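Q: Got input22.txt for you, compact mmCIF, C-alpha atoms:
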```txt
# COMPACT_ATOMS: atom_id res chain seq x y z
CA MET A 4 -11.60 -0.58 -4.37
CA ASP A 5 -10.55 3.03 -4.74
CA SER A 6 -10.52 4.20 -8.37
CA GLY A 7 -6.99 5.58 -7.98
CA LEU A 8 -5.73 2.21 -6.73
CA ARG A 9 -7.46 0.43 -9.59
CA SER A 10 -5.77 2.79 -12.06
CA LEU A 11 -2.37 2.15 -10.46
CA ILE A 12 -2.82 -1.64 -10.61
CA PHE A 13 -3.95 -1.41 -14.22
CA PHE A 14 -0.92 0.77 -15.12
CA LEU A 15 1.50 -1.65 -13.41
CA PHE A 16 -0.10 -4.59 -15.22
CA LEU A 17 0.39 -2.90 -18.60
CA PHE A 18 3.96 -1.87 -17.75
CA PHE A 19 5.18 -5.32 -16.75
CA ASN A 20 3.18 -7.07 -19.43
CA ALA A 21 4.89 -4.95 -22.08
CA HIS A 22 8.25 -6.23 -20.85
CA LEU A 23 7.29 -9.88 -20.97
CA SER A 24 7.95 -11.75 -24.18
CA ALA A 25 4.99 -13.44 -25.81
CA SER A 26 7.31 -16.06 -27.35
CA LEU A 27 8.45 -19.21 -25.56
CA GLU A 28 11.65 -19.14 -27.64
CA ASP A 29 13.06 -16.43 -25.36
CA TYR A 30 12.99 -18.85 -22.44
CA TYR A 31 14.77 -21.76 -24.13
CA PRO A 32 18.26 -22.60 -22.80
CA TYR A 33 19.92 -21.95 -26.20
CA GLN A 34 19.45 -18.90 -28.43
CA LEU A 35 20.20 -20.25 -31.90
CA ILE A 36 21.03 -18.20 -34.99
CA PRO A 37 21.48 -19.09 -38.71
CA THR A 38 24.73 -20.97 -39.21
CA SER A 39 27.58 -21.20 -41.71
CA SER A 40 27.57 -22.95 -45.07
CA ASN A 41 30.44 -25.12 -46.29
CA TYR A 42 31.91 -22.01 -47.91
CA GLY A 43 31.82 -19.87 -44.78
CA TYR A 44 29.08 -17.36 -45.47
CA THR A 45 25.75 -17.81 -43.70
CA GLY A 46 23.75 -20.49 -45.46
CA LEU A 47 22.73 -24.13 -45.59
CA LEU A 48 25.45 -26.60 -46.65
CA GLU A 49 26.36 -26.45 -50.35
CA MET A 50 23.38 -24.18 -50.99
CA PRO A 51 23.14 -20.50 -49.89
CA SER A 52 20.38 -18.82 -47.91
CA ALA A 53 19.32 -15.18 -47.52
CA ARG A 54 20.50 -15.00 -43.90
CA PHE A 55 23.38 -12.81 -42.66
CA MET A 56 25.63 -12.44 -39.66
CA GLY A 57 25.03 -9.51 -37.36
CA GLU A 58 26.55 -6.15 -38.25
CA GLY A 59 30.27 -6.15 -37.42
CA GLY A 60 30.45 -9.95 -37.51
CA LEU A 61 33.65 -11.78 -38.37
CA LYS A 62 34.26 -15.51 -38.63
CA LEU A 63 37.21 -17.80 -39.28
CA GLY A 64 36.73 -21.44 -40.08
CA ILE A 65 37.46 -24.65 -41.91
CA SER A 66 35.12 -27.08 -43.65
CA ALA A 67 36.79 -30.42 -44.35
CA SER A 68 35.74 -33.38 -46.47
CA TYR A 69 36.93 -35.32 -49.49
CA PRO A 70 37.73 -34.18 -52.09
CA ASN A 71 37.30 -30.45 -51.25
CA GLU A 72 38.46 -28.68 -48.10
CA TYR A 73 37.76 -24.98 -47.50
CA THR A 74 39.46 -22.50 -45.18
CA PHE A 75 37.70 -19.13 -44.98
CA ILE A 76 37.33 -15.73 -43.38
CA VAL A 77 33.98 -13.93 -43.70
CA ALA A 78 33.03 -10.44 -42.54
CA SER A 79 29.73 -8.57 -42.30
CA PRO A 80 30.56 -4.85 -42.09
CA PHE A 81 26.86 -4.01 -42.55
CA PRO A 82 23.72 -6.00 -41.69
CA TRP A 83 22.96 -6.32 -45.43
CA LEU A 84 26.40 -7.45 -46.64
CA GLU A 85 28.69 -10.47 -46.27
CA VAL A 86 32.09 -10.70 -47.95
CA GLY A 87 34.49 -13.59 -47.69
CA TYR A 88 37.85 -14.96 -48.79
CA ARG A 89 38.10 -18.71 -49.28
CA TYR A 90 41.10 -21.00 -49.83
CA ALA A 91 40.21 -24.41 -51.25
CA GLU A 92 42.26 -27.61 -51.40
CA VAL A 93 41.19 -30.06 -54.10
CA LYS A 94 42.61 -33.39 -52.97
CA THR A 95 41.94 -35.28 -56.21
CA GLU A 96 44.19 -33.03 -58.32
CA LYS A 97 47.82 -31.94 -58.22
CA TYR A 98 49.08 -28.37 -58.10
CA GLY A 99 50.99 -28.91 -61.33
CA PRO A 100 53.33 -31.36 -63.06
CA VAL A 101 54.96 -33.79 -60.63
CA ALA A 102 58.40 -32.45 -61.55
CA TYR A 103 57.25 -29.00 -60.43
CA SER A 104 54.92 -29.60 -57.47
CA GLY A 105 55.58 -33.17 -56.37
CA ASN A 106 52.60 -34.47 -54.40
CA GLN A 107 51.26 -31.00 -53.59
CA THR A 108 47.48 -30.95 -54.06
CA LEU A 109 45.70 -28.29 -56.08
CA LYS A 110 44.92 -25.01 -54.31
CA ASP A 111 42.26 -22.54 -55.42
CA LYS A 112 41.32 -19.21 -53.87
CA GLY A 113 38.27 -17.06 -54.36
CA PHE A 114 36.17 -14.19 -53.02
CA ASP A 115 32.47 -14.38 -52.18
CA LEU A 116 29.89 -11.60 -51.95
CA LYS A 117 26.28 -11.59 -50.71
CA ILE A 118 23.95 -8.56 -50.56
CA ARG A 119 20.48 -8.32 -49.06
CA VAL A 120 18.08 -6.67 -51.49
CA LEU A 121 14.87 -7.06 -49.45
CA GLU A 122 14.45 -7.27 -45.68
CA GLU A 123 12.06 -9.84 -44.26
CA SER A 124 8.64 -8.66 -43.13
CA PHE A 125 5.51 -10.40 -41.90
CA TYR A 126 4.51 -11.34 -45.43
CA LEU A 127 7.74 -11.12 -47.46
CA PRO A 128 10.99 -13.10 -47.12
CA ASN A 129 14.56 -11.93 -46.81
CA ILE A 130 15.93 -11.83 -50.36
CA ALA A 131 19.65 -11.84 -51.17
CA LEU A 132 21.79 -11.73 -54.28
CA GLY A 133 25.18 -13.42 -54.20
CA ILE A 134 28.25 -14.10 -56.31
CA ARG A 135 30.64 -16.91 -55.37
CA ASP A 136 34.26 -17.10 -56.53
CA VAL A 137 34.40 -13.49 -57.75
CA ALA A 138 37.40 -13.10 -60.11
CA GLY A 139 38.41 -16.69 -59.36
CA THR A 140 39.30 -19.51 -61.72
CA GLY A 141 35.67 -20.50 -62.19
CA ARG A 142 36.04 -23.83 -60.43
CA PHE A 143 33.54 -22.88 -57.70
CA ALA A 144 31.94 -19.92 -59.47
CA ALA A 145 28.21 -19.40 -58.98
CA GLU A 146 25.62 -16.66 -58.79
CA TYR A 147 22.26 -16.84 -57.08
CA ILE A 148 19.12 -15.07 -55.95
CA VAL A 149 17.63 -16.64 -52.83
CA GLY A 150 14.80 -15.92 -50.42
CA SER A 151 14.49 -17.10 -46.80
CA LYS A 152 11.32 -16.98 -44.68
CA ARG A 153 11.09 -17.97 -41.04
CA PHE A 154 8.07 -19.76 -39.57
CA GLY A 155 8.72 -20.15 -35.87
CA LEU A 156 11.63 -22.56 -35.50
CA LEU A 157 11.64 -23.39 -39.22
CA ASP A 158 13.61 -21.30 -41.71
CA LEU A 159 12.84 -22.10 -45.37
CA SER A 160 15.08 -21.04 -48.27
CA MET A 161 14.52 -21.25 -52.02
CA GLY A 162 16.36 -19.68 -54.90
CA ILE A 163 17.69 -19.73 -58.45
CA GLY A 164 21.35 -20.55 -59.09
CA TRP A 165 23.73 -20.18 -62.01
CA GLY A 166 27.25 -21.51 -62.56
CA GLU A 167 28.01 -24.41 -60.22
CA LEU A 168 24.61 -23.98 -58.55
CA GLY A 169 22.88 -24.19 -61.93
CA ASN A 170 24.49 -27.38 -63.23
CA GLU A 171 21.24 -29.32 -62.89
CA GLY A 172 19.58 -27.00 -65.40
CA ASN A 173 16.08 -27.84 -64.17
CA ILE A 174 14.69 -24.52 -65.48
CA SER A 175 15.42 -22.26 -68.43
CA ASN A 176 17.61 -19.26 -67.62
CA PRO A 177 15.00 -16.58 -66.76
CA LEU A 178 17.38 -13.83 -67.93
CA ALA A 179 17.74 -15.21 -71.45
CA PHE A 180 14.69 -13.23 -72.63
CA LEU A 181 16.58 -10.01 -71.79
CA ASP A 182 19.67 -10.84 -73.83
CA GLU A 183 20.78 -13.98 -75.65
CA ARG A 184 24.26 -13.69 -74.10
CA PHE A 185 22.78 -15.09 -70.87
CA GLU A 186 22.24 -18.42 -72.64
CA THR A 187 25.97 -19.28 -72.76
CA ARG A 188 28.55 -19.45 -69.99
CA ARG A 189 32.15 -19.54 -71.21
CA VAL A 190 34.35 -19.69 -68.11
CA GLY A 191 35.38 -23.18 -67.03
CA LEU A 192 38.38 -25.43 -66.75
CA SER A 193 38.34 -25.98 -70.50
CA THR A 194 39.22 -22.32 -71.02
CA ASN A 195 42.45 -22.61 -68.96
CA TYR A 196 41.36 -19.42 -67.22
CA GLN A 197 43.70 -18.51 -64.36
CA GLY A 198 41.47 -16.02 -62.55
CA GLY A 199 42.13 -12.50 -61.38
CA THR A 200 39.63 -10.74 -63.64
CA PHE A 201 36.00 -9.74 -63.07
CA LEU A 202 34.26 -11.53 -65.94
CA VAL A 203 30.96 -9.71 -65.49
CA GLU A 204 29.68 -10.90 -68.86
CA ASP A 205 29.52 -14.48 -67.54
CA TRP A 206 27.61 -13.73 -64.34
CA PHE A 207 24.06 -15.16 -64.21
CA SER A 208 24.60 -16.88 -67.57
CA GLY A 209 24.36 -20.48 -68.78
CA ASN A 210 22.27 -23.17 -67.11
CA ALA A 211 19.98 -22.22 -64.22
CA ALA A 212 18.41 -24.33 -61.51
CA LEU A 213 15.93 -24.04 -58.67
CA PHE A 214 17.35 -25.08 -55.30
CA GLY A 215 15.97 -25.12 -51.80
CA GLY A 216 16.36 -26.27 -48.24
CA LEU A 217 15.52 -25.68 -44.63
CA GLU A 218 17.18 -25.03 -41.28
CA TYR A 219 15.23 -26.11 -38.21
CA SER A 220 16.24 -24.98 -34.72
CA PHE A 221 16.04 -27.13 -31.61
CA PRO A 222 16.62 -24.51 -28.88
CA LYS A 223 15.95 -27.02 -26.09
CA ARG A 224 18.68 -29.28 -27.44
CA GLY A 225 21.00 -26.58 -28.70
CA PHE A 226 21.47 -27.43 -32.37
CA ASN A 227 20.21 -26.61 -35.87
CA LEU A 228 19.24 -29.27 -38.39
CA LYS A 229 19.75 -28.63 -42.12
CA LEU A 230 18.31 -30.32 -45.19
CA GLU A 231 18.83 -29.17 -48.77
CA TYR A 232 18.44 -30.20 -52.39
CA ASP A 233 21.85 -29.93 -54.09
CA THR A 234 21.88 -28.74 -57.73
CA SER A 235 25.68 -28.58 -58.18
CA HIS A 236 26.03 -32.05 -59.81
CA PRO A 237 29.75 -32.70 -59.20
CA ASP A 238 29.24 -36.17 -60.69
CA LEU A 239 29.14 -34.57 -64.14
CA GLY A 240 32.84 -33.68 -63.88
CA LEU A 241 32.32 -30.24 -65.43
CA LEU A 242 34.90 -28.52 -63.22
CA GLY A 243 37.20 -31.35 -62.18
CA PRO A 244 37.26 -35.12 -61.66
CA PRO A 245 33.72 -36.50 -61.17
CA VAL A 246 32.56 -36.96 -57.56
CA GLU A 247 30.33 -39.92 -56.75
CA VAL A 248 26.78 -38.82 -55.97
CA ARG A 249 24.15 -41.23 -54.65
CA SER A 250 21.70 -38.61 -53.41
CA ARG A 251 20.87 -35.01 -54.29
CA PHE A 252 19.85 -34.36 -50.69
CA ASN A 253 22.37 -33.23 -48.07
CA LEU A 254 21.68 -33.47 -44.34
CA GLY A 255 23.62 -31.87 -41.51
CA PHE A 256 23.48 -30.31 -38.09
CA SER A 257 25.32 -27.45 -36.41
CA ARG A 258 25.80 -26.78 -32.71
CA PRO A 259 27.06 -23.56 -31.11
CA PHE A 260 29.25 -23.38 -28.02
CA LEU A 261 30.18 -20.54 -25.67
CA ASP A 262 27.29 -18.27 -26.69
CA ASN A 263 27.86 -18.85 -30.42
CA PHE A 264 31.56 -18.03 -30.18
CA ILE A 265 32.32 -21.49 -31.58
CA GLU A 266 30.22 -23.35 -34.13
CA ALA A 267 30.73 -27.03 -34.98
CA GLY A 268 28.91 -28.83 -37.76
CA LEU A 269 28.68 -32.34 -39.17
CA SER A 270 26.94 -33.28 -42.40
CA PHE A 271 26.33 -36.22 -44.73
CA GLU A 272 26.38 -35.05 -48.33
CA ARG A 273 25.68 -36.60 -51.73
CA GLY A 274 25.09 -39.95 -50.08
CA THR A 275 28.85 -40.56 -49.96
CA GLN A 276 30.66 -37.80 -48.05
CA VAL A 277 30.95 -36.84 -44.39
CA ARG A 278 31.94 -33.21 -43.79
CA PHE A 279 33.10 -31.50 -40.60
CA THR A 280 32.93 -27.72 -40.12
CA PHE A 281 34.52 -25.67 -37.34
CA VAL A 282 33.98 -21.90 -37.07
CA ILE A 283 35.07 -19.19 -34.63
CA ASN A 284 32.68 -16.23 -34.54
CA GLY A 285 33.19 -12.70 -33.23
CA ASN A 286 31.48 -9.35 -33.36
CA TYR A 287 33.54 -6.18 -33.60
```
Turn this file's structure into structure tokens for me.
A:
Amino acid sequence: MDSGLRSLIFFLFLFFNAHLSASLEDYYPYQLIPTSSNYGYTGLLEMPSARFMGEGGLKLGISASYPNEYTFIVASPFPWLEVGYRYAEVKTEKYGPVAYSGNQTLKDKGFDLKIRVLEESFYLPNIALGIRDVAGTGRFAAEYIVGSKRFGLLDLSMGIGWGELGNEGNISNPLAFLDERFETRRVGLSTNYQGGTFLVEDWFSGNAALFGGLEYSFPKRGFNLKLEYDTSHPDLGLLGPPVEVRSRFNLGFSRPFLDNFIEAGLSFERGTQVRFTFVINGNY
């Protein structure tokens, strides 16, 4: 064979080979992405993850169960930031005295914020820092540092939570050695706090807990499976009427439709609750 022809064949082989993906995932019928948590931002179910929407992402949704139902809007103006507004209905409590509110259930609103502090690499995970219920009443307030690392179709998340996420108190607050103020968390229903103020002094304070979970993708079937260990302990009744808990593990799945424009999820949580989530996604 002529040397020039051999060189041409070799060049064409390299050119087309460079444009072929080495991963079978690119040829699956569904291209799955990390999905929404119960609170709207990208995460597991009750627990957060270090995943984010794409830059310019915007989602509207509802996550319904008993006793808490959440309606939310979440935006990702940058690939390292998610911000959200959440409106919660607490069905086990009334908005106020019967003479004032009748049978109207309690409503609670809050803002959520999540920032990526380290981008995932071959060896290191995505790491994010988040604050839930910023300037809210404290009913759903939590802070966390969480890392997520992907291994093929498996996405593992593990982190440390404070506030509602730290109710289990399975570790000592790692920030207490910096300042003793981190040992005590003051905001709660017992303070009759009405919200509207950034109580920075209470962030990352009080009990702390390790939490974790996973999200596994089934691109041939078109859904994600989620499993998490829940450290919020609503059965303690710290921020409202106690909720029955038979298991600390929550299990759910999420399925996208119309190229991820719509996301529907169903989960079984705390061994007693069934939750349905419906989200509309867009990118602007």
Q: Take every atom of stretch 277-285 of chain A listed in the file, fit an axis-aligned box around them, add 4 Å per side, and give the centre and edge lengths in Å to one decimal as lines of an AutoDock Vina configuration file.
A:
```
center_x = 33.0
center_y = -24.8
center_z = -38.8
size_x = 12.1
size_y = 32.1
size_z = 19.2
```
Q: Between A:Ser175, A:Lys110, A:Asn170, A:Glu58, which one has atoms that come closest to A:Leu239, using only C-alpha atoms?
A: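 Distance minimum relative to A:Leu239 lands on A:Asn170.
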Q: If I put a ball of radius 9 Å at (14.5, -25.4, -39.9) in the file's coordinates, which residues poke into it when counting all atoms listed in the file, written as a list in words?
A: Arg153, Phe154, Gly155, Leu156, Leu157, Asp158, Leu159, Gly216, Leu217, Glu218, Tyr219, Ser220, Phe221, Asn227, Leu228, Lys229 and Leu230 of chain A
Q: Using all atoms listed in the file, which of A:Gly59, A:Leu127, A:Ile76, A:Arg142 sits nearest A:Pro244?
A: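 Counting all atoms listed in the file, the residue closest to A:Pro244 is A:Arg142.
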Q: Restricting the calculation to only C-alpha atoms: of A:Leu121, A:Val277, A:Asn129, A:Asn71, which residue gets closest to A:Ser160?
A: A:Asn129
Q: Compare A:Thr140, A:Ser270, A:Asn253, A:Thr38 by their minimum atom-to-atom distance to A:Arg54, counting all atoms listed in the file, and give me the closest one.
A: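 Nearest candidate to A:Arg54 out of A:Thr140, A:Ser270, A:Asn253, A:Thr38: A:Thr38.
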Q: Would you work out the distance separating atom CA of A:Gly172 from atom CA of A:Phe55, expressed in Å to one decimal?
A: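 Distance between the two atoms: 27.1 Å.
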Q: In Å, rounded to a single decimal, give me how far atom CA of A:Leu63 is from atom CA of A:Gly285.
A: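 Taking atom CA of A:Gly285 and atom CA of A:Leu63, their separation equals 8.9 Å.
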Q: Closest to A:Phe252 among A:Phe201, A:His236, A:Gly150, A:Arg273, using only C-alpha atoms?
A: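 Counting only C-alpha atoms, the residue closest to A:Phe252 is A:Arg273.
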Q: Given the choices A:Gly43, A:Gly215, A:Pro128, A:Pro245, which gets closest to A:Val282 if the distance is worked out from all atoms listed in the file?
A: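 Checking each of A:Gly43, A:Gly215, A:Pro128, A:Pro245 against A:Val282, counting all atoms listed in the file, the winner is A:Gly43.
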Q: Any idea what the distance is between atom CA of A:Thr275 and atom CA of A:Pro237?
A: 12.2 Å
Q: Residues within 9 Å of A:Ile283, please, as a list in words. Count only C-alpha atoms; anything in the same chain fewer than 4 positions from it doesn't count.
A: Leu61, Lys62, Leu63, Gly64, Asn263, Phe264, Ile265, Glu266 and Ala267 of chain A
Q: Using only C-alpha atoms, what residues lie at most 8 Å away from (28.4, -9.9, -49.6) (file coordinates), given as a PyMOL selection string?
A: chain A and resi 79+83-87+115-118+133-134
Q: Using only C-alpha atoms, which protein or nucleic acid residues come within 9 Å of A:Ser39? Drop anything in the same chain fewer than 3 positions from it, and give the result as a ChimeraX atom specification.
A: /A:42-48,257,266,268,280,282
